Structure formats: structure tokens, C-alpha cells
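With compact mmCIF, C-alpha atoms inside, this is structure-v5.txt:
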```txt
# COMPACT_ATOMS: atom_id res chain seq x y z
CA MET J 1 0.00 0.00 0.00
CA ALA J 2 1.50 3.32 -1.07
CA GLU J 3 2.08 5.96 1.56
CA PRO J 4 -0.41 8.86 1.36
CA ARG J 5 1.20 12.02 0.00
CA LEU J 6 1.26 15.41 1.65
CA THR J 7 0.46 18.40 -0.54
CA PHE J 8 3.15 21.07 -0.26
CA MET J 9 2.46 24.69 -1.14
CA PRO J 10 4.41 25.86 -4.22
CA ARG J 11 7.48 27.95 -3.39
CA ALA J 12 6.13 30.99 -5.22
CA ALA J 13 2.91 30.93 -3.17
CA PHE J 14 4.89 30.39 0.03
CA ALA J 15 7.13 33.35 -0.74
CA GLU J 16 4.10 35.69 -0.95
CA LEU J 17 2.96 34.84 2.59
CA THR J 18 3.71 37.08 5.53
CA LEU J 19 6.04 35.78 8.24
CA GLU J 20 3.05 35.02 10.47
CA GLN J 21 1.26 33.18 7.65
CA LYS J 22 4.39 31.15 6.82
CA ASN J 23 4.73 30.07 10.44
CA ALA J 24 1.04 29.16 10.67
CA TYR J 25 1.28 27.10 7.47
CA LEU J 26 4.38 25.27 8.70
CA GLN J 27 2.70 24.49 12.02
CA GLU J 28 -0.30 22.98 10.18
CA LEU J 29 2.06 21.05 7.89
CA ALA J 30 3.97 19.68 10.87
CA GLU J 31 0.76 18.51 12.54
CA ALA J 32 -0.46 16.76 9.36
CA PHE J 33 2.96 15.18 8.89
CA ALA J 34 2.99 13.88 12.47
CA VAL J 35 -0.39 12.22 11.95
CA GLN J 36 0.73 10.64 8.67
CA GLN J 37 4.00 9.33 10.08
CA GLY J 38 2.66 8.29 13.49
CA ARG J 39 5.02 10.68 15.26
CA GLU J 40 4.49 12.70 18.42
CA HIS J 41 3.13 16.13 17.51
CA ARG J 42 4.36 19.25 19.24
CA PRO J 43 4.37 22.90 18.12
CA LEU J 44 7.52 23.93 16.26
CA ASP J 45 9.74 26.40 18.08
CA LYS J 46 11.27 29.53 16.52
CA PRO J 47 14.56 27.87 15.42
CA ALA J 48 12.64 25.03 13.77
CA LEU J 49 10.35 27.45 11.97
CA SER J 50 13.36 29.43 10.78
CA ARG J 51 15.00 26.29 9.38
CA LEU J 52 11.84 25.23 7.57
CA ARG J 53 11.33 28.68 6.04
CA ARG J 54 14.90 28.51 4.74
CA TYR J 55 14.25 25.07 3.22
CA TYR J 56 11.35 26.52 1.29
CA SER J 57 13.39 29.32 -0.25
CA ARG J 58 17.02 28.20 -0.39
CA ARG J 59 17.24 27.32 -4.15
CA VAL J 60 17.64 30.04 -6.82
CA TRP J 61 16.62 30.36 -10.47
CA ALA J 62 20.16 31.23 -11.61
CA ASP J 63 20.93 27.53 -12.10
CA LEU J 64 18.58 27.49 -15.10
CA LYS J 65 20.18 30.65 -16.63
CA LEU J 66 16.88 32.08 -17.82
CA ALA J 67 17.24 35.24 -19.91
CA ASP J 68 15.82 38.20 -18.02
CA GLY J 69 12.74 39.76 -19.54
CA GLN J 70 12.23 37.09 -22.24
CA ASP J 71 9.04 35.06 -22.38
CA SER J 72 9.98 32.48 -24.99
CA GLU J 73 8.51 28.98 -25.15
CA LEU J 74 11.90 27.56 -24.15
CA ASN J 75 12.04 29.73 -21.03
CA ARG J 76 8.48 28.80 -20.13
CA VAL J 77 9.35 25.09 -20.44
CA LEU J 78 12.52 25.56 -18.41
CA ARG J 79 10.59 27.52 -15.80
CA ARG J 80 7.97 24.75 -15.45
CA LEU J 81 10.72 22.15 -15.29
CA GLY J 82 12.58 24.14 -12.67
CA GLU J 83 9.41 24.58 -10.62
CA ALA J 84 8.78 20.83 -10.75
CA ILE J 85 12.35 20.12 -9.65
CA ARG J 86 12.13 22.65 -6.85
CA ASP J 87 8.75 21.28 -5.72
CA GLU J 88 10.30 17.82 -5.54
CA ASP J 89 13.28 19.24 -3.65
CA VAL J 90 11.09 21.02 -1.13
CA THR J 91 9.10 17.85 -0.58
CA VAL J 92 12.24 15.88 0.27
CA ASP J 93 13.80 18.69 2.27
CA VAL J 94 10.74 19.60 4.32
CA ARG J 95 9.95 15.95 5.04
CA ALA J 96 13.51 15.44 6.29
CA ALA J 97 13.32 18.58 8.41
CA LEU J 98 10.00 17.54 9.93
CA MET J 99 11.41 14.09 10.73
CA GLN J 100 14.19 15.86 12.63
CA GLU J 101 12.01 18.37 14.44
CA LEU J 102 9.19 16.04 15.53
CA PRO J 103 9.95 13.39 18.17
CA PRO J 104 8.81 9.76 17.70
CA LYS J 105 5.30 8.96 18.86
CA LYS J 106 5.15 7.33 22.27
CA LEU J 107 5.06 3.55 22.12
CA LEU J 108 2.76 3.19 25.13
CA ARG J 109 -0.49 5.08 25.45
CA GLU J 110 -1.40 6.70 28.76
CA ALA J 111 -2.88 4.35 31.36
CA PRO J 112 -6.47 5.10 32.49
CA ASP J 113 -7.03 7.29 35.54
CA ASP J 114 -7.97 4.40 37.86
CA ASP J 115 -5.03 2.27 36.71
CA THR J 116 -2.89 3.07 39.78
CA GLN J 117 -5.30 1.28 42.08
CA LEU J 118 -5.37 -1.75 39.77
CA MET J 119 -1.58 -2.03 39.77
CA PHE J 120 -1.53 -2.73 43.52
CA PHE J 121 -2.89 -6.13 42.54
CA VAL J 122 -0.98 -6.84 39.34
CA PRO J 123 -2.96 -9.35 37.27
CA THR J 124 -0.98 -12.10 35.63
CA VAL J 125 -1.61 -12.10 31.90
CA TYR J 126 -1.27 -15.39 30.01
CA ASP J 127 -1.25 -16.39 26.35
CA ALA J 128 -2.15 -19.88 25.13
CA PRO J 129 -0.93 -22.47 22.58
CA ILE J 130 -2.74 -23.75 19.51
CA LYS J 131 -1.26 -27.23 19.70
CA ASP J 132 1.60 -28.94 21.48
CA ASP J 133 4.03 -28.23 18.64
CA VAL J 134 2.57 -24.98 17.30
CA HIS J 135 2.37 -21.97 19.59
CA LEU J 136 -0.01 -19.08 19.11
CA MET J 137 2.80 -16.62 19.79
CA ASP J 138 4.80 -17.84 16.77
CA VAL J 139 2.47 -15.93 14.45
CA ALA J 140 -0.16 -13.19 14.54
CA PRO J 141 -3.55 -14.93 14.79
CA PHE J 142 -5.22 -11.59 14.10
CA ALA J 143 -5.04 -8.51 11.89
CA LEU J 144 -2.48 -5.93 13.05
CA GLY J 145 -4.64 -2.88 12.34
CA LYS J 146 -7.28 -1.29 14.54
CA THR J 147 -9.99 -1.73 11.94
CA ALA J 148 -11.46 -4.97 10.66
CA ARG J 149 -9.58 -6.75 7.88
CA PHE J 150 -11.26 -9.11 5.46
CA GLY J 151 -9.74 -12.12 3.76
CA VAL J 152 -7.54 -14.98 4.91
CA ILE J 153 -4.07 -15.00 6.51
CA ARG J 154 -1.83 -18.02 5.84
CA TYR J 155 1.39 -18.90 7.62
CA GLU J 156 3.75 -21.60 6.39
CA LEU J 157 5.98 -22.72 9.25
CA LYS J 158 8.18 -25.74 9.68
CA ASP J 159 5.98 -28.87 9.37
CA SER J 160 2.76 -26.84 9.70
CA LEU J 161 0.40 -24.55 7.83
CA ILE J 162 -1.71 -22.11 9.84
CA THR J 163 -4.74 -20.43 8.29
CA ILE J 164 -6.64 -17.59 9.99
CA GLU J 165 -10.14 -16.85 8.68
CA GLY J 166 -12.69 -14.26 9.79
CA GLY J 167 -16.41 -13.91 9.29
CA TYR J 168 -17.84 -12.75 5.97
CA GLU J 169 -19.48 -9.70 7.59
CA THR J 170 -17.24 -9.14 10.61
CA GLY J 171 -13.77 -9.71 9.16
CA LEU J 172 -10.79 -10.95 11.16
CA ALA J 173 -10.30 -10.24 14.84
CA THR J 174 -7.74 -7.50 15.40
CA VAL J 175 -4.71 -7.48 17.68
CA PHE J 176 -6.71 -5.24 20.04
CA ASP J 177 -9.72 -7.60 20.02
CA TYR J 178 -7.27 -10.29 21.13
CA ASP J 179 -7.00 -8.56 24.52
CA ILE J 180 -10.32 -10.21 25.43
CA PHE J 181 -8.87 -13.62 24.54
CA LEU J 182 -5.93 -12.91 26.87
CA ASN J 183 -8.38 -11.93 29.60
CA MET J 184 -10.28 -15.20 29.14
CA VAL J 185 -7.14 -17.37 29.24
CA SER J 186 -5.73 -15.50 32.24
CA HIS J 187 -9.00 -15.99 34.14
CA LEU J 188 -8.94 -19.71 33.38
CA ALA J 189 -5.27 -20.04 34.43
CA GLU J 190 -6.03 -18.34 37.75
CA GLU J 191 -8.97 -20.71 38.34
CA VAL J 192 -6.69 -23.69 37.63
CA ARG J 193 -4.09 -22.34 40.06
CA ARG J 194 -6.71 -22.09 42.79
CA PHE J 195 -8.06 -25.54 41.94
CA ARG J 196 -4.61 -27.11 42.32
CA LEU J 197 -3.91 -25.29 45.58
CA GLU J 198 -7.19 -26.51 47.09
CA THR J 199 -6.52 -30.03 45.82
CA GLU J 200 -3.11 -30.01 47.51
CA LYS J 201 -4.83 -29.07 50.77
CA GLY J 202 -6.96 -32.22 50.56
CA LEU J 203 -10.12 -30.43 49.47
CA ARG J 204 -12.35 -31.56 46.61
CA PRO J 205 -12.93 -28.47 44.51
CA SER J 206 -14.92 -28.51 41.29
CA LEU J 207 -13.08 -28.11 38.00
CA PRO J 208 -13.05 -24.55 36.66
CA ALA J 209 -16.19 -23.64 34.77
CA LYS J 210 -16.12 -23.71 30.99
CA VAL J 211 -18.20 -20.55 30.82
CA TYR J 212 -16.61 -17.22 31.69
CA ARG J 213 -19.03 -14.47 32.75
CA PRO J 214 -17.23 -11.13 33.22
CA SER J 215 -18.63 -7.63 33.33
CA VAL J 216 -17.49 -5.35 30.55
CA ALA J 217 -16.09 -3.03 33.21
CA HIS J 218 -13.87 -5.89 34.43
CA ILE J 219 -12.64 -6.62 30.88
CA LEU J 220 -11.79 -2.95 30.35
CA LYS J 221 -9.97 -2.73 33.67
CA PHE J 222 -7.99 -5.91 32.99
CA CYS J 223 -7.04 -4.62 29.52
CA ARG J 224 -6.17 -1.23 31.02
CA ARG J 225 -8.67 0.73 28.93
CA GLU J 226 -10.81 3.73 29.76
CA ASP J 227 -14.30 2.97 31.07
CA GLY J 228 -16.26 4.99 28.49
CA GLY J 229 -19.44 4.45 26.47
CA ARG J 230 -17.63 3.86 23.19
CA GLN J 231 -15.43 1.21 24.82
CA TYR J 232 -18.51 -0.83 25.69
CA GLU J 233 -19.61 -0.80 22.05
CA GLU J 234 -16.10 -1.80 20.94
CA VAL J 235 -16.06 -4.78 23.33
CA GLU J 236 -19.29 -6.11 21.82
CA ALA J 237 -17.97 -5.65 18.26
CA ALA J 238 -14.69 -7.33 19.28
CA LEU J 239 -16.58 -10.34 20.66
CA ARG J 240 -18.38 -10.71 17.32
CA ARG J 241 -15.08 -10.72 15.41
CA LEU J 242 -13.43 -13.10 17.89
CA GLY J 243 -16.36 -15.50 17.66
CA MET J 244 -16.12 -15.60 13.88
CA THR J 245 -12.32 -15.91 13.65
CA THR J 246 -11.03 -19.47 13.32
CA ILE J 247 -7.56 -20.99 13.29
CA THR J 248 -6.92 -24.01 11.09
CA VAL J 249 -3.72 -25.94 11.75
CA THR J 250 -2.46 -28.40 9.18
CA ASN J 251 0.41 -30.50 10.52
CA MET J 252 2.75 -31.73 7.82
CA ALA J 253 5.25 -34.62 7.84
CA GLY J 254 7.73 -35.00 5.02
CA GLY J 255 5.70 -32.64 2.86
CA LYS J 256 2.57 -34.77 3.16
CA ARG J 257 -0.65 -33.66 4.84
CA ARG J 258 -1.02 -35.42 8.18
CA GLU J 259 -3.66 -33.75 10.35
CA VAL J 260 -6.08 -30.85 10.03
CA ASP J 261 -8.15 -29.23 12.76
CA THR J 262 -10.02 -25.94 13.06
CA ARG J 263 -10.37 -24.04 16.30
CA PRO J 264 -12.17 -20.77 17.17
CA LEU J 265 -10.56 -18.03 19.23
CA ILE J 266 -13.60 -18.04 21.52
CA GLY J 267 -16.69 -20.24 21.69
CA GLU J 268 -20.21 -18.85 21.78
CA TYR J 269 -20.86 -15.58 23.52
CA ARG J 270 -23.97 -13.72 24.56
CA VAL J 271 -24.87 -10.47 26.25
CA VAL J 272 -26.24 -11.34 29.70
CA SER J 273 -27.36 -7.88 30.78
CA LYS J 274 -27.37 -4.24 29.79
CA THR J 275 -27.42 -1.04 31.80
CA ALA J 276 -30.38 1.35 31.99
CA LYS J 277 -28.71 3.37 29.20
CA GLY J 278 -28.52 0.33 26.92
CA LYS J 279 -24.79 -0.32 27.34
CA VAL J 280 -23.58 -3.91 27.50
CA ASP J 281 -23.04 -4.66 31.18
CA GLU J 282 -22.21 -8.37 31.48
CA VAL J 283 -21.30 -10.97 28.87
CA GLU J 284 -20.93 -14.74 28.82
CA ILE J 285 -18.10 -16.37 26.89
CA THR J 286 -17.82 -20.10 26.31
CA ILE J 287 -14.18 -21.12 26.53
CA PRO J 288 -13.37 -23.25 23.44
CA ASP J 289 -12.39 -26.88 23.98
CA TRP J 290 -8.80 -26.46 22.76
CA VAL J 291 -8.11 -23.71 25.30
CA TYR J 292 -9.92 -25.45 28.15
CA THR J 293 -8.22 -28.79 27.54
CA SER J 294 -4.71 -27.36 27.23
CA VAL J 295 -5.05 -25.31 30.43
CA VAL J 296 -7.27 -27.41 32.72
CA LYS J 297 -6.67 -31.02 31.74
CA ASN J 298 -2.91 -30.88 31.82
CA ASP J 299 -1.10 -32.72 34.59
CA LYS J 300 2.23 -31.11 33.80
CA ALA J 301 3.30 -27.50 33.94
CA LEU J 302 0.81 -25.51 31.94
CA PRO J 303 2.02 -24.55 28.44
CA LEU J 304 1.46 -20.85 29.06
CA LEU J 305 3.65 -17.78 28.99
CA THR J 306 3.08 -14.65 31.03
CA VAL J 307 2.75 -11.30 29.28
CA ASN J 308 3.79 -7.98 30.79
CA PRO J 309 0.65 -6.00 31.80
CA ASP J 310 2.15 -3.00 29.95
CA TYR J 311 1.51 -4.98 26.76
CA PHE J 312 -2.03 -3.58 26.86
CA LEU J 313 -0.65 -0.03 26.68
CA ILE J 314 1.28 -0.66 23.45
CA SER J 315 -0.49 1.47 20.84
CA SER J 316 1.03 -0.10 17.71
CA GLY J 317 -0.25 -3.38 16.31
CA LEU J 318 3.18 -4.13 14.83
CA ALA J 319 4.84 -3.48 18.20
CA ARG J 320 2.41 -5.85 19.91
CA PHE J 321 3.25 -8.58 17.41
CA ILE J 322 6.98 -8.03 17.92
CA TYR J 323 6.58 -8.14 21.71
CA ARG J 324 4.65 -11.43 21.62
CA LEU J 325 7.18 -13.02 19.28
CA ALA J 326 10.06 -11.83 21.48
CA ARG J 327 8.32 -13.20 24.56
CA LYS J 328 8.08 -16.62 22.91
CA ALA J 329 11.39 -16.78 21.01
CA ALA J 330 13.76 -14.76 23.20
CA GLY J 331 12.25 -15.34 26.62
CA LYS J 332 14.94 -14.03 28.98
CA ASP J 333 17.64 -14.16 26.31
CA THR J 334 18.01 -12.97 22.70
CA ALA J 335 16.37 -13.92 19.41
CA THR J 336 16.99 -12.72 15.85
CA TYR J 337 14.71 -12.93 12.82
CA SER J 338 15.15 -11.71 9.29
CA VAL J 339 12.76 -8.91 8.41
CA ALA J 340 11.41 -11.08 5.60
CA GLU J 341 10.50 -13.77 8.14
CA LEU J 342 8.92 -11.18 10.43
CA LYS J 343 6.78 -9.88 7.60
CA LYS J 344 5.64 -13.42 6.82
CA ARG J 345 4.79 -14.19 10.46
CA SER J 346 2.98 -10.89 10.96
CA GLY J 347 0.53 -11.49 8.13
CA SER J 348 1.16 -7.95 6.90
CA GLN J 349 -0.28 -7.01 3.49
CA GLN J 350 2.28 -4.22 2.99
CA GLU J 351 4.98 -4.29 0.38
CA PHE J 352 8.29 -5.30 1.92
CA ARG J 353 9.79 -1.79 1.67
CA TYR J 354 6.89 -0.25 3.58
CA PHE J 355 6.97 -3.00 6.20
CA LEU J 356 10.68 -2.36 6.67
CA ARG J 357 10.06 1.38 6.88
CA ASP J 358 7.47 0.90 9.64
CA LEU J 359 9.77 -1.51 11.47
CA ARG J 360 12.64 1.02 11.35
CA GLU J 361 10.30 3.67 12.71
CA LEU J 362 9.24 1.28 15.51
CA VAL J 363 12.87 0.65 16.48
CA VAL J 364 13.47 4.42 16.62
CA ARG J 365 10.40 4.81 18.84
CA THR J 366 11.63 2.12 21.23
CA GLN J 367 14.91 3.99 21.62
CA ALA J 368 12.98 7.00 22.90
CA PHE J 369 10.19 5.06 24.65
CA ALA J 370 11.29 1.56 25.65
CA MET J 371 9.19 -1.48 24.81
CA PRO J 372 8.22 -3.61 27.83
CA ASP J 373 10.93 -6.20 28.63
CA TYR J 374 12.84 -6.06 25.31
CA ASP J 375 15.29 -3.86 23.41
CA LEU J 376 15.17 -3.94 19.62
CA GLU J 377 18.06 -3.59 17.17
CA LEU J 378 17.77 -3.54 13.39
CA ASN J 379 20.86 -4.66 11.44
CA ASP J 380 21.62 -4.69 7.71
CA HIS J 381 23.25 -7.72 6.09
CA ARG J 382 24.02 -8.78 2.54
CA SER J 383 21.20 -11.31 2.81
CA GLY J 384 18.81 -8.62 4.02
CA PRO J 385 17.97 -6.74 7.23
CA SER J 386 17.30 -8.55 10.49
CA LEU J 387 15.79 -7.64 13.87
CA THR J 388 17.36 -8.67 17.18
CA MET J 389 15.10 -8.80 20.24
CA ARG J 390 17.10 -8.71 23.47
CA TYR J 391 15.63 -9.25 26.93
CA ARG J 392 16.16 -6.34 29.30
CA PRO J 393 16.64 -7.64 32.88
CA LEU J 394 14.48 -6.05 35.51
CA GLU J 395 16.03 -3.96 38.21
CA LYS J 396 16.42 -5.64 41.58
CA PRO J 397 12.87 -5.93 43.02
CA PRO J 398 12.07 -3.77 46.05
CA THR J 399 12.28 -5.46 49.46
CA ASP J 400 11.48 -4.53 53.03
CA ARG J 401 14.05 -4.18 55.83
CA ARG J 402 14.18 -7.95 56.27
CA GLY J 403 14.93 -8.55 52.60
CA ARG J 404 11.46 -9.84 51.75
CA LEU J 405 9.69 -8.87 48.53
CA THR J 406 7.17 -6.10 48.92
CA ASP J 407 3.50 -6.72 48.19
CA ALA J 408 3.79 -5.01 44.79
CA THR J 409 6.05 -7.80 43.53
CA ALA J 410 4.73 -10.68 45.62
CA THR J 411 1.38 -10.55 43.82
CA GLU J 412 2.96 -11.58 40.52
CA LEU J 413 2.33 -15.26 39.81
CA PRO J 414 5.25 -17.40 38.60
CA LEU J 415 5.90 -18.13 34.96
CA LEU J 416 4.41 -21.54 34.25
CA ALA J 417 6.41 -22.54 31.19
CA GLU J 418 9.64 -21.08 29.87
CA PRO J 419 9.76 -20.62 26.09
CA GLN J 420 11.74 -22.95 23.87
CA LYS J 421 14.57 -21.47 21.86
CA ALA J 422 13.64 -20.39 18.34
```

Let me see whether you can do it: turn the structure in this file into C-alpha cells.
Amino acid sequence: MAEPRLTFMPRAAFAELTLEQKNAYLQELAEAFAVQQGREHRPLDKPALSRLRRYYSRRVWADLKLADGQDSELNRVLRRLGEAIRDEDVTVDVRAALMQELPPKKLLREAPDDDTQLMFFVPTVYDAPIKDDVHLMDVAPFALGKTARFGVIRYELKDSLITIEGGYETGLATVFDYDIFLNMVSHLAEEVRRFRLETEKGLRPSLPAKVYRPSVAHILKFCRREDGGRQYEEVEAALRRLGMTTITVTNMAGGKRREVDTRPLIGEYRVVSKTAKGKVDEVEITIPDWVYTSVVKNDKALPLLTVNPDYFLISSGLARFIYRLARKAAGKDTATYSVAELKKRSGSQQEFRYFLRDLRELVVRTQAFAMPDYDLELNDHRSGPSLTMRYRPLEKPPTDRRGRLTDATATELPLLAEPQKA
């Protein structure tokens, strides 16, 4: 998909503006550019405005050697050609200047106002596998954008083919819809933990229920989102997309088809109650068999990985995909993938050059605003660029005078299964 173009004012028109008008135009241009590039917008200061004004007027007509006072066809052609060249120059120059003047957009959005209270009881966030030998974090089982995407995503991995399909009317679930899936799995993992603790005490607890009935307010709080009216509508739309998105795994052996199964991201769902204003209040989600079986009916350590709660604050779909892949492949170490492989695993529809451009921009953003848990480094090789994801060790956890962990860290549940090396 080609990048949308900004329309730059011709130099002649810019030259006729007053100083105040030039500055106002450049401020508007900077704001539009920030939106287009996904960069942090801030008003340009006087030195920046001065530099941009100079970029608009630094080239002269003398290079074309036009005869003064003559209005021949040749001079008119040369003048049009020169104007086109200068317009192209100003486009490149002003874009470069704006890239320099505007800081990268923050990687993490602001947490909601009531988030501080929630963080006293840090929820443990879990992801889940598709099958024993194919992990959901190896690929993006969703669309990376914030809007619905239609069509099919196919991933060809070693000895397996993964196909993601969405509903005809709803499209594929998005990476932000997937937050509800994480909430469902994390709830189930916590219920299993409690079940095992009670069993160890000699009690006879019932197995965790296969139906999860949260309030929408709870889902929003868990996913660290604002509790607003539009959010309630988005949760209901997300449930529709999740319910219609299926994952088909074809296991291959020696190039021959061996086994095929199709699994939904969530089972059935229904709205249990609504508020007096008509907002969805409580929902009921049936946990699909493949999730329930892998989490509940597993005598060994559960095949789950924890996810940093700050994952929910990551505003970029691409960054979320990179974080999940790093969590699986790097764990507490380092992993490297070629950019070509990353593009394949992300399901991106972009041309390679645009995918690489967005990835470079993401790496720049993480240098200014760190990604949770991992540092990113993009390297160029003869065989093509690659991305290294390196775990960033946590600082020593806070303790009391006796050397015991404080409550803020003691609430974190242990990691149930360490990732295998990629």
C-alpha cells in the first residue's frame, strides 16, 4: 500500500505569505505530517520554523540561466521544469526537516485514571498455545490494524500450515480484540491455580467452569482501557469478530498432509445484561475446547507464557506482534529474525519496503520510549535486514528491611512454562 502524499504549497505561493502566515502554514504542515507518520506532535519552536522557512526558499533560479525579460517557449518550459524540480526538492527537504524536528510517537499510550489502584494487585496475563508443537505466539492470529480486515491469513511454518479466517461480515479479529482472549485465558489459568492449591490441601474443589461471565467493566480494567461508552460498544464488536475468527492448523510430515483441525478463538458468547442506558453490562463467553483442555486437563506444567501488563498499553499493532514473538522466542535471552521472516509471520499485506520502513520507525520509537521487557536492534546484512530482540533484565525488586519482597512484587504469579529457543 503506497504511503499517502502530503500536498506542499508551491514555493512561489509560500514566498508571498507574511512571516506570520508562513509560520502558521508550517505548524499545520507539521501537525499533518505527524499524523501521517505516526510521530508525536508538538508545536515547532522559533529555530525550527526558521529552518523550515529557509528550506522553502534556499534554491535560486540562476541555475537554469533564464534570460531576463524574455518570455519564450523555451524559457516557459525551463521555468515549469525548474518549478517541478524545486517542488520535488522542497518535498524531500521539508519531510527530512519535519522528521528531525518532531519526536517519535510514544510507544505506550497513557494508562487510564484508575489504573494506579489496579496495579496494587498486578494481574498475571497469560497467552495460550494452539497445539503442542505450534504456539499461538509464533504468528499473529489476528489482523495488526485497529480496523477490521477481510480475507484470509496463511502462515507456512516448519511442518505446519496455519490459516486464519474471519467472518464474511465481521472480518478478522484484530490485535486489540485479542485482549479479550488474553483476559479469558488469564482468568482460566487463575482458576486452575486455585483448583490445584485446594486439591493439595486435601479439598475436593470442582473443576473450573467452561463458561466465563465477566462484566465489561472488568474486561476494560484488565485490559487497562478507559471505562467509556464507546469502549462498551467496541467490546461487543470485538466479541463478534473473535467469535467468527477461526484458526486451522495443518500438521505436515515429510511434505505430506497429516492432520487438520479448526479451532475458534472463543466459543459462543452472549450479552447477559445491559445497563439502563442500553450499554452492554455483562457478557458470557464459552471457553473453546482447545483452550480449556490445554489449560485445565494438563497434569504437567501448563504450556502458558506470562505477558507484561504493559503490553495492553502498546499502541502499535506491529509493536504488539513483535513483543509477543520476542516473549516466545527470546524469553529471557536474545532472538533474531530476518525482516522477511517477520513480515511473513505478521501477516502484513504491505509491500516489503513499507513494512521495513514501519519496522525502522518502531525501532526508533523504542529507543525514545522503551518497549516492555525487550530492546530492539535492526541490522543490515548482505542477505537482508534482520531484527534482534534482546531481553532487558528487571532492576532488583524492592524489598522490606528484612529482605522480603514487597506486596507489589509478591502478587505476581510465577511463569508456568519457559519458552523454547527459536

Quick one, how far is CA of Tyr212 (chain J) from CA of Glu169 (chain J)? 25.4 Å

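Across J:Tyr323, J:Phe355, J:Phe150, J:Phe33, the tightest approach to Gly167 (chain J) is made by J:Phe150 when counting only C-alpha atoms.
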
What does the structure give for the distance between CA of Asp159 (chain J) and CA of Val249 (chain J), in Å to one decimal? 10.4 Å

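Nearest to Tyr292 (chain J) of all the residues J:Val364, J:Met184, J:Val260, J:Leu394 is J:Met184, counting only C-alpha atoms.
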
Between J:Met371, J:Ala319, J:Leu17, J:Ala189, which one has atoms that come closest to Leu359 (chain J), using all atoms listed in the file? J:Ala319

For each of J:Ala237, J:Leu182, J:Leu108, J:Met244, take the minimum atom-to-atom distance to Thr147 (chain J), counting only C-alpha atoms, then give the residue where this is smallest. J:Ala237

Quick one: everything within 9 Å of Asp179 (chain J), counting all atoms listed in the file, minus sequence neighbours fewer than 5 positions away in the same chain. Send it as a compact mmCIF listing (two decimals) with C-alpha atoms, keeping the file's coordinate frame.
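Resulting contents of result-v4.txt:
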```
# COMPACT_ATOMS: atom_id res chain seq x y z
CA MET J 184 -10.28 -15.20 29.14
CA ILE J 219 -12.64 -6.62 30.88
CA PHE J 222 -7.99 -5.91 32.99
CA CYS J 223 -7.04 -4.62 29.52
CA PHE J 312 -2.03 -3.58 26.86
```

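Using all atoms listed in the file, the smallest distance between any of J:Asp227, J:Glu282, J:Asp373, J:Asp380 and Tyr311 (chain J) comes from J:Asp373.
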
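For the atom pair formed by CA of Arg42 (chain J) and CA of Leu29 (chain J), the distance is 11.7 Å, given to one decimal.
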
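With distances taken over all atoms listed in the file, J:Val211 is the one residue among J:Val235, J:Leu356, J:Leu342, J:Val211 lying closest to Thr286 (chain J).
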
Box for region 287-292 of chain J: with edges along x, y and z, all listed atoms inside and 6 Å added on each side, what are the centre and edge lengths in Å to one decimal, as JSON?
```
{"center_x": -11.1, "center_y": -24.0, "center_z": 25.5, "size_x": 18.1, "size_y": 17.8, "size_z": 17.4}
```

Name the residues in contact with region 137-142 of chain J at a cut-off of 6 Å, using all atoms listed in the file, excluding same-chain residues fewer than 4 positions from it; report them as a PyMOL selection string. chain J and resi 173-175+324-325+345-346

Just the selected residues (C-alpha atoms), exported as a short mmCIF file (atom, residue, chain, number, x, y, z; two decimals), in the frame of the given file, please.
```
data_model
loop_
_atom_site.label_atom_id
_atom_site.label_comp_id
_atom_site.auth_asym_id
_atom_site.auth_seq_id
_atom_site.Cartn_x
_atom_site.Cartn_y
_atom_site.Cartn_z
CA ALA J 173 -10.30 -10.24 14.84
CA THR J 174 -7.74 -7.50 15.40
CA VAL J 175 -4.71 -7.48 17.68
CA ARG J 324 4.65 -11.43 21.62
CA LEU J 325 7.18 -13.02 19.28
CA ARG J 345 4.79 -14.19 10.46
CA SER J 346 2.98 -10.89 10.96
#
```

Near Thr388 (chain J), within 9 Å and counting all atoms listed in the file, which residues show up once chain neighbours fewer than 3 positions away are dropped, as a VMD selection string? chain J and resid 334 to 338 375 to 379

So that I have them on file, write out the residues from the current selection with C-alpha atoms, as a CSV table (one decimal), keeping the file's coordinate frame.
```
chain,number,residue,atom,x,y,z
J,334,THR,CA,18.0,-13.0,22.7
J,335,ALA,CA,16.4,-13.9,19.4
J,336,THR,CA,17.0,-12.7,15.8
J,337,TYR,CA,14.7,-12.9,12.8
J,338,SER,CA,15.2,-11.7,9.3
J,375,ASP,CA,15.3,-3.9,23.4
J,376,LEU,CA,15.2,-3.9,19.6
J,377,GLU,CA,18.1,-3.6,17.2
J,378,LEU,CA,17.8,-3.5,13.4
J,379,ASN,CA,20.9,-4.7,11.4
```
